[in-house]
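Have a look at the structure below, then the notes.
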Amino acid sequence: MSNIRTRFAPSPTGLIHVGGIRTALYAWLVARGQGGQFVLRLEDTDQKREVAGADQHIIDSLRALGLDYDEGPDIGGSFAPYRQSERLDHYRAWAEKLIAAGRAYADPYSPEEIEQFRDAAKRDKKPFLYRNHRPEDPPVWDGQTALRFKSDAKDYHWHDAVMGDLSAGAEAIDDFILIKSDGFPTYNFAHIVDDAEMQITHVIRGQEFIASMPNYLNLYEALGIERPIFATLPHILNEQGNKKLSKRDGARDILDYFRAGFLREALVNFIASMGWNDGTEQEIFSVDELIAKFSLDRVGRSGARFDEKRLLWMNGQWIKRLDLDDLYARTLSKNVIASAAKQSRKSNDELDRHVANAPRDDKMSNFWGENGRKASEAEQKKVLAIVQDRLKTLADLPALSEYFFARPTPDWSMIDEHKQLGKLGRDEQIDLLGIASSVLAKIDEADWNEENLQSELNNLLSATNSKPPILFGLIRFALTWAPFSPGLSETMVLLGREETLARLLLSLER
RNA sequence: GGUCCCGUCGUCUAGUGGUUAGGACAUCAGGUUUUCAUCCUGACAACAGGGGUUCGAUUCCCCUCGGGAUCACCA
C-alpha cells in the first residue's frame, strides 16, 4: 500500500472538545497503525471567528493526549506552511486554473440581492440554488468580490470507509463560494487544495460534512484531483442524546479532564471506544493495542453519547494498572502540558517555551493535598501504594490521603449519619473505642505490624461481641475521619503506634 | 420544508437468515467472618412499529415513526 497520510484540520475558533478529539484520535490511529504520517493543519480562514490562543490550545490538547503529529504549524514539514492563512497564494493559483477552465466566476450580486433570491425561493417553497441565478456574462474577477465555483450538477455515488456506499442527487450541488471577498478561501475550497498538495490519503472528519460531499466530488473533478479515501464519523451526542456535542452547549475542554485527574490512557481508551471496538469483549485497550487493532471499517455508524460514569470507571481501571512510580510521577503535576511534552516523540521548541513560561501556582501544581504535598517522596509513595486501588481520579487523592499526613479533625456527624453506627448510643461508641484503645495500647512497638494487628482486632471482635461493620467502622472513623480509607491494619501500620493510639484517645473525648 | 445519515438493554456496544440476543458502565442484592472503597457472584434490562421475502427474520427489502446532520462570503 502506498504511504498513508492522515490529518487533523481544526479551525482555531475555541475549545477543542471530545468530538474533535475523537476525529483526531482516529486519524492518528490510522496513520500510526499503518506506518504513515499524521499532519496537523490549522484552518484559520475565518478571521471573524478566530479566537486568540485557540491554536495553542489545540496543540496543547493533542500533546496532552500523546497524539503526536509529524508535520504541523509549529514544527513545519515538507508541505509547510500548515496554517491556511499563510497559504493564500496556493488557493489563488488553483482558483486561476478554474477561471481559465471556465469553472469559476466572479459573483456579481450583492448580499442583499442574494437574500432576495433566497426569500423568493422560500416563498415558492422551493429549495434555493444559486446556480439558478448564474449570471450570463459575469465580470472579470478582480479579487474584490467573491469567486464562485461553476458546478456541474449531477448525481453522485461514492464510498465512505465508515458509512459505506452513499449517494445524493444533483440538487445537492450548487455554485458555492471558493474565495471570499476578503481574499480568504472557504473551507470547501481550501481543504481540497491542501489535502491534495499535502498528499493526504484519508480524509477523516465529522458527519457535518457529509451533505457537502457532492459539491466536493464535483470540485475534485473540476480541479483534476484524484479523490482520497473518505471516512465520515458520526457525531458524539451530549448527555441527553438529542444533539451533537458542540462548543455552545458547554462541552468540556479536553484539558479539563486532565486537570480533574483523568489519565491520558483512560481518555484515549474511552474516546476510542465511543464508536469503535475490535469485535471481542475487551474493554480496556492500551494506546499500543489501539494502534495495532484500530480500523475504520469497525467504526459504527450511529452517534454515541458521552457517558461520564463509564469514563470514571475506566479511569479507575487505568490508575490501578499503572506501576507505582509511574502513578507517582503523575500525581506530582497538574501541568499536563509539561508531562505531555516529556512523553511526546518529537521535541518542540515552541512547546518547551510555553511550558517554561507557564505560571506556577503551588496550590494547583500537583494532586496532593495541603499536608500531603509537604511530605517526603518516600512517605508519599507509601501512602499512594495503599490508596492506589481506591482512586477513581487523581483528584481523589487528598480525600484519601490527607489523614496520613496530619491529624484530622474529628467529625462526629460522619458517625451519626452512618446507617449502622448512627444507631449506637454515644456511650456505647465511647465504650467500644475505649476498649479498643486499651487493648491496642498493650501491643509493643516491635509487634506493631499488620499480622499482629489483624489478629488483635479479631480478638477484639469476639471480646466485645460486636460486628465488624460496627467495631471496625468506628475505629476507622476515629483514625481517619474520612469517607473511605485503606484496610484498618494497613492504615494503623502506616500511621504508627503512637499516632494511632493518640487518635483513639482523642476520639474518647467526644 | 428539500437533501442525506442513523435506529440492539437507561448508557457504550457485540452479533447472526435458526443464538437462552453476548459483554461493559450504571442500578439493585449477596459475598470476600476487617469497615468504607476496590474486588467477586448474581439480578434487573434491548432488537422502534407495520408490512413483505423466507420453512424461519433482530439480521434482507419497503413503508411509517423516532433521532441527527446539512441547506452561509462558518468550518
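We name chains A, B, ... following the order of the C-alpha cells; residues begin at 1 in each chain, and ligands are numbered from 1 as shown.
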>> Using only C-alpha atoms (C1' of nucleotides) and a distance of at most 6 Å, pull out the residues of chain A that contact chain B, as a list of chain:residue names.
In response: A:Pro127, A:Lys180, A:Glu208, A:Ala211, A:Glu281, A:Ser302, A:Arg310, A:Asp389, A:Arg390, A:Pro469, A:Phe472, A:Gly473, A:Phe484
>> as JSON, numbers by chain, please: every residue in range 78-194 of chain A that a backbone DSSP assignment puts in alpha helix (DSSP H).
In response: {"A": [88, 89, 90, 91, 92, 93, 94, 95, 96, 97, 98, 99, 100, 111, 112, 113, 114, 115, 116, 117, 118, 119, 120, 121, 122, 123, 187, 188, 189, 190, 191, 192, 193, 194]}
With N, CA and C atoms retained, write the just-selected residues as an mmCIF file, in the first residue's frame.
data_model
loop_
_atom_site.group_PDB
_atom_site.id
_atom_site.type_symbol
_atom_site.label_atom_id
_atom_site.label_comp_id
_atom_site.auth_asym_id
_atom_site.auth_seq_id
_atom_site.Cartn_x
_atom_site.Cartn_y
_atom_site.Cartn_z
ATOM 1 N N LEU A 88 -2.442 31.519 1.117
ATOM 2 C CA LEU A 88 -3.390 32.166 0.208
ATOM 3 C C LEU A 88 -2.944 32.088 -1.246
ATOM 4 N N ASP A 89 -1.630 32.139 -1.463
ATOM 5 C CA ASP A 89 -1.147 32.085 -2.851
ATOM 6 C C ASP A 89 -1.459 30.739 -3.506
ATOM 7 N N HIS A 90 -1.459 29.679 -2.690
ATOM 8 C CA HIS A 90 -1.792 28.370 -3.245
ATOM 9 C C HIS A 90 -3.230 28.344 -3.756
ATOM 10 N N TYR A 91 -4.130 28.857 -2.932
ATOM 11 C CA TYR A 91 -5.546 28.823 -3.321
ATOM 12 C C TYR A 91 -5.774 29.705 -4.549
ATOM 13 N N ARG A 92 -5.072 30.816 -4.545
ATOM 14 C CA ARG A 92 -5.169 31.755 -5.662
ATOM 15 C C ARG A 92 -4.756 31.068 -6.968
ATOM 16 N N ALA A 93 -3.678 30.326 -6.881
ATOM 17 C CA ALA A 93 -3.171 29.655 -8.087
ATOM 18 C C ALA A 93 -4.182 28.631 -8.619
ATOM 19 N N TRP A 94 -4.749 27.854 -7.705
ATOM 20 C CA TRP A 94 -5.747 26.857 -8.134
ATOM 21 C C TRP A 94 -7.005 27.547 -8.655
ATOM 22 N N ALA A 95 -7.341 28.664 -8.047
ATOM 23 C CA ALA A 95 -8.521 29.409 -8.481
ATOM 24 C C ALA A 95 -8.331 29.925 -9.908
ATOM 25 N N GLU A 96 -7.129 30.397 -10.193
ATOM 26 C CA GLU A 96 -6.846 30.899 -11.546
ATOM 27 C C GLU A 96 -7.036 29.790 -12.576
ATOM 28 N N LYS A 97 -6.619 28.586 -12.167
ATOM 29 C CA LYS A 97 -6.792 27.448 -13.081
ATOM 30 C C LYS A 97 -8.261 27.210 -13.386
ATOM 31 N N LEU A 98 -9.059 27.302 -12.346
ATOM 32 C CA LEU A 98 -10.503 27.077 -12.535
ATOM 33 C C LEU A 98 -11.109 28.164 -13.411
ATOM 34 N N ILE A 99 -10.659 29.397 -13.192
ATOM 35 C CA ILE A 99 -11.180 30.506 -14.004
ATOM 36 C C ILE A 99 -10.808 30.277 -15.463
ATOM 37 N N ALA A 100 -9.563 29.914 -15.664
ATOM 38 C CA ALA A 100 -9.082 29.685 -17.034
ATOM 39 C C ALA A 100 -9.874 28.570 -17.711
ATOM 40 N N PRO A 111 -24.892 40.955 -1.383
ATOM 41 C CA PRO A 111 -25.529 40.060 -0.399
ATOM 42 C C PRO A 111 -27.048 40.276 -0.347
ATOM 43 N N GLU A 112 -27.474 41.521 -0.518
ATOM 44 C CA GLU A 112 -28.907 41.817 -0.469
ATOM 45 C C GLU A 112 -29.641 41.138 -1.614
ATOM 46 N N GLU A 113 -29.025 41.176 -2.777
ATOM 47 C CA GLU A 113 -29.661 40.554 -3.944
ATOM 48 C C GLU A 113 -29.805 39.040 -3.736
ATOM 49 N N ILE A 114 -28.757 38.457 -3.215
ATOM 50 C CA ILE A 114 -28.812 37.012 -2.975
ATOM 51 C C ILE A 114 -29.888 36.695 -1.945
ATOM 52 N N GLU A 115 -29.981 37.561 -0.963
ATOM 53 C CA GLU A 115 -31.010 37.373 0.056
ATOM 54 C C GLU A 115 -32.399 37.385 -0.581
ATOM 55 N N GLN A 116 -32.575 38.247 -1.559
ATOM 56 C CA GLN A 116 -33.871 38.315 -2.255
ATOM 57 C C GLN A 116 -34.159 37.015 -2.999
ATOM 58 N N PHE A 117 -33.150 36.488 -3.647
ATOM 59 C CA PHE A 117 -33.328 35.200 -4.351
ATOM 60 C C PHE A 117 -33.788 34.134 -3.362
ATOM 61 N N ARG A 118 -33.107 34.177 -2.237
ATOM 62 C CA ARG A 118 -33.381 33.168 -1.225
ATOM 63 C C ARG A 118 -34.820 33.282 -0.706
ATOM 64 N N ASP A 119 -35.216 34.502 -0.442
ATOM 65 C CA ASP A 119 -36.576 34.726 0.054
ATOM 66 C C ASP A 119 -37.611 34.278 -0.964
ATOM 67 N N ALA A 120 -37.332 34.590 -2.210
ATOM 68 C CA ALA A 120 -38.272 34.222 -3.270
ATOM 69 C C ALA A 120 -38.438 32.706 -3.338
ATOM 70 N N ALA A 121 -37.313 32.012 -3.236
ATOM 71 C CA ALA A 121 -37.363 30.543 -3.280
ATOM 72 C C ALA A 121 -38.154 30.013 -2.100
ATOM 73 N N LYS A 122 -37.965 30.652 -0.969
ATOM 74 C CA LYS A 122 -38.660 30.233 0.237
ATOM 75 C C LYS A 122 -40.171 30.423 0.059
ATOM 76 N N ARG A 123 -40.546 31.565 -0.522
ATOM 77 C CA ARG A 123 -41.971 31.829 -0.766
ATOM 78 C C ARG A 123 -42.589 30.757 -1.653
ATOM 79 N N TYR A 187 -13.645 26.982 3.495
ATOM 80 C CA TYR A 187 -13.238 25.620 3.852
ATOM 81 C C TYR A 187 -13.404 24.699 2.656
ATOM 82 N N ASN A 188 -14.558 24.843 2.001
ATOM 83 C CA ASN A 188 -14.927 23.943 0.906
ATOM 84 C C ASN A 188 -13.847 23.853 -0.171
ATOM 85 N N PHE A 189 -13.204 24.960 -0.397
ATOM 86 C CA PHE A 189 -12.167 25.015 -1.419
ATOM 87 C C PHE A 189 -10.798 24.691 -0.825
ATOM 88 N N ALA A 190 -10.490 25.344 0.270
ATOM 89 C CA ALA A 190 -9.141 25.250 0.833
ATOM 90 C C ALA A 190 -8.770 23.826 1.251
ATOM 91 N N HIS A 191 -9.700 23.122 1.849
ATOM 92 C CA HIS A 191 -9.313 21.808 2.383
ATOM 93 C C HIS A 191 -8.991 20.839 1.245
ATOM 94 N N ILE A 192 -9.676 21.020 0.112
ATOM 95 C CA ILE A 192 -9.417 20.119 -1.013
ATOM 96 C C ILE A 192 -8.044 20.397 -1.623
ATOM 97 N N VAL A 193 -7.756 21.684 -1.764
ATOM 98 C CA VAL A 193 -6.448 22.072 -2.280
ATOM 99 C C VAL A 193 -5.334 21.569 -1.361
ATOM 100 N N ASP A 194 -5.515 21.818 -0.070
ATOM 101 C CA ASP A 194 -4.468 21.441 0.882
ATOM 102 C C ASP A 194 -4.296 19.932 0.985
#
>> Could you list, as an MDAnalysis selection string, every residue within 10 Å of Leu400 in chain A, counting only C-alpha atoms (C1' of nucleotides) and ignoring same-chain residues fewer than 4 positions away?
In response: (chainID A and resid 368:369 383:384 386:388 390:391 395:396 404 480 482:486) or (chainID B and resid 37)
> Any idea what's packed within 6 Å of range 14-22 of chain A, counting only C-alpha atoms (C1' of nucleotides), ignoring anything in its chain fewer than 6 positions away? Could you give it as a VMD selection string?
Replying inline: chain A and resid 51 54 236 253 to 254 271
>> Residues within 12 Å of A48 in chain B, please, as number ranges by chain. Count only C-alpha atoms (C1' of nucleotides); anything in the same chain fewer than 2 positions from it doesn't count.
In response: B: 7-8, 46, 50, 58, 64-67
Would you save the residues of that selection, restricted to N, CA and C atoms (P, O5', C5', C4', C3', O3' and C1' of nucleotides), as a CSV table (one decimal), in the first residue's frame?
chain,number,residue,atom,x,y,z
B,7,G,P,-28.1,2.1,12.3
B,7,G,O5',-29.2,2.5,13.4
B,7,G,C5',-28.7,2.9,14.8
B,7,G,C4',-30.0,3.0,15.6
B,7,G,C3',-30.7,1.6,15.7
B,7,G,O3',-30.7,1.0,17.0
B,7,G,C1',-32.2,3.4,15.0
B,8,U,P,-30.0,1.3,18.2
B,8,U,O5',-30.3,-0.1,18.9
B,8,U,C5',-31.5,-0.7,18.7
B,8,U,C4',-31.5,-2.0,19.5
B,8,U,C3',-31.0,-2.0,20.9
B,8,U,O3',-32.0,-1.6,21.8
B,8,U,C1',-30.0,-3.8,19.7
B,46,A,P,-36.0,-6.1,28.2
B,46,A,O5',-35.3,-5.4,26.9
B,46,A,C5',-35.7,-4.1,26.5
B,46,A,C4',-34.9,-3.7,25.3
B,46,A,C3',-35.1,-4.6,24.1
B,46,A,O3',-36.3,-4.2,23.4
B,46,A,C1',-32.8,-4.3,24.4
B,50,G,P,-45.3,-4.5,15.3
B,50,G,O5',-45.8,-4.0,13.9
B,50,G,C5',-47.0,-3.4,13.7
B,50,G,C4',-47.3,-3.0,12.3
B,50,G,C3',-47.1,-4.2,11.3
B,50,G,O3',-48.2,-5.1,11.3
B,50,G,C1',-46.0,-2.3,10.5
B,58,U,P,-37.7,-10.9,14.2
B,58,U,O5',-36.8,-9.6,13.9
B,58,U,C5',-36.7,-8.6,14.8
B,58,U,C4',-35.3,-8.0,14.7
B,58,U,C3',-34.6,-8.3,13.4
B,58,U,O3',-34.9,-7.3,12.4
B,58,U,C1',-33.2,-8.8,15.2
B,64,U,P,-43.0,6.7,4.3
B,64,U,O5',-43.5,6.4,5.7
B,64,U,C5',-44.9,6.4,6.0
B,64,U,C4',-45.2,6.0,7.4
B,64,U,C3',-44.5,6.8,8.5
B,64,U,O3',-45.2,8.0,8.8
B,64,U,C1',-44.2,4.6,9.0
B,65,C,P,-44.5,9.3,9.3
B,65,C,O5',-43.9,8.8,10.8
B,65,C,C5',-44.9,8.5,11.8
B,65,C,C4',-44.1,8.0,13.0
B,65,C,C3',-43.0,8.8,13.5
B,65,C,O3',-43.4,9.9,14.3
B,65,C,C1',-42.3,6.6,13.4
B,66,G,P,-42.5,11.2,14.4
B,66,G,O5',-41.2,10.7,15.2
B,66,G,C5',-41.3,10.2,16.5
B,66,G,C4',-40.0,9.7,17.0
B,66,G,C3',-38.8,10.7,16.8
B,66,G,O3',-38.7,11.7,17.8
B,66,G,C1',-38.2,8.5,16.1
B,67,G,P,-38.1,13.1,17.4
B,67,G,O5',-36.6,12.7,17.3
B,67,G,C5',-35.9,12.3,18.4
B,67,G,C4',-34.4,11.9,18.1
B,67,G,C3',-33.6,13.0,17.3
B,67,G,O3',-33.1,14.0,18.1
B,67,G,C1',-33.3,10.9,16.3
> Residues at most 12 Å from range 436-441 of chain A, counting only C-alpha atoms (C1' of nucleotides), excluding those fewer than 5 positions away in the same chain, as JSON, numbers by chain?
Replying inline: {"A": [429, 430, 431, 447, 448, 449, 452, 453, 454, 455, 456, 457, 458, 459, 460, 461, 462, 463, 464, 466, 471, 472, 474, 475, 476, 478, 479, 489, 492, 496, 497, 498, 499, 500, 501, 502, 503, 504, 505, 506, 507, 508]}
Keeping C-alpha atoms for every residue in the selection just given, could you write it to a file as a compact mmCIF listing (two decimals), in the first residue's frame?
# COMPACT_ATOMS: atom_id res chain seq x y z
CA GLN A 429 -19.50 4.22 70.87
CA ILE A 430 -17.13 5.55 73.51
CA ASP A 431 -17.05 2.21 75.31
CA ASP A 447 4.90 -6.11 67.37
CA TRP A 448 3.15 -3.26 65.63
CA ASN A 449 2.72 -4.97 62.25
CA ASN A 452 -0.43 -8.86 64.77
CA LEU A 453 -2.82 -6.01 64.47
CA GLN A 454 -5.11 -8.11 62.41
CA SER A 455 -5.31 -10.88 64.94
CA GLU A 456 -5.66 -8.41 67.83
CA LEU A 457 -8.50 -6.75 66.01
CA ASN A 458 -10.14 -10.10 65.50
CA ASN A 459 -9.80 -10.90 69.18
CA LEU A 460 -11.30 -7.57 69.95
CA LEU A 461 -14.25 -8.50 67.82
CA SER A 462 -15.14 -11.53 69.91
CA ALA A 463 -14.19 -9.85 73.19
CA THR A 464 -16.61 -7.02 72.59
CA SER A 466 -19.68 -6.76 68.13
CA LEU A 471 -16.31 -2.01 65.65
CA PHE A 472 -14.04 -1.53 62.70
CA LEU A 474 -15.86 3.09 64.50
CA ILE A 475 -12.10 2.65 64.72
CA ARG A 476 -11.71 3.60 61.09
CA ALA A 478 -11.62 7.58 64.81
CA LEU A 479 -8.36 7.21 62.91
CA SER A 489 -4.32 -2.72 59.91
CA MET A 492 -2.56 1.61 61.54
CA GLY A 496 2.43 4.20 63.50
CA ARG A 497 1.67 3.02 67.03
CA GLU A 498 1.98 6.36 68.69
CA GLU A 499 -0.21 8.28 66.32
CA THR A 500 -2.82 5.52 66.16
CA LEU A 501 -3.16 5.45 69.93
CA ALA A 502 -3.19 9.21 70.15
CA ARG A 503 -6.04 9.46 67.69
CA LEU A 504 -8.01 6.80 69.51
CA LEU A 505 -7.59 8.62 72.79
CA LEU A 506 -8.63 11.84 71.17
CA SER A 507 -11.82 10.23 69.97
CA LEU A 508 -12.75 9.32 73.53
> What does the distance between CA of Gly169 in chain A and CA of Thr232 in chain A come to in Å, to one decimal place?
Replying inline: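 According to the coordinates, CA of Gly169 in chain A and CA of Thr232 in chain A are separated by 18.8 Å.
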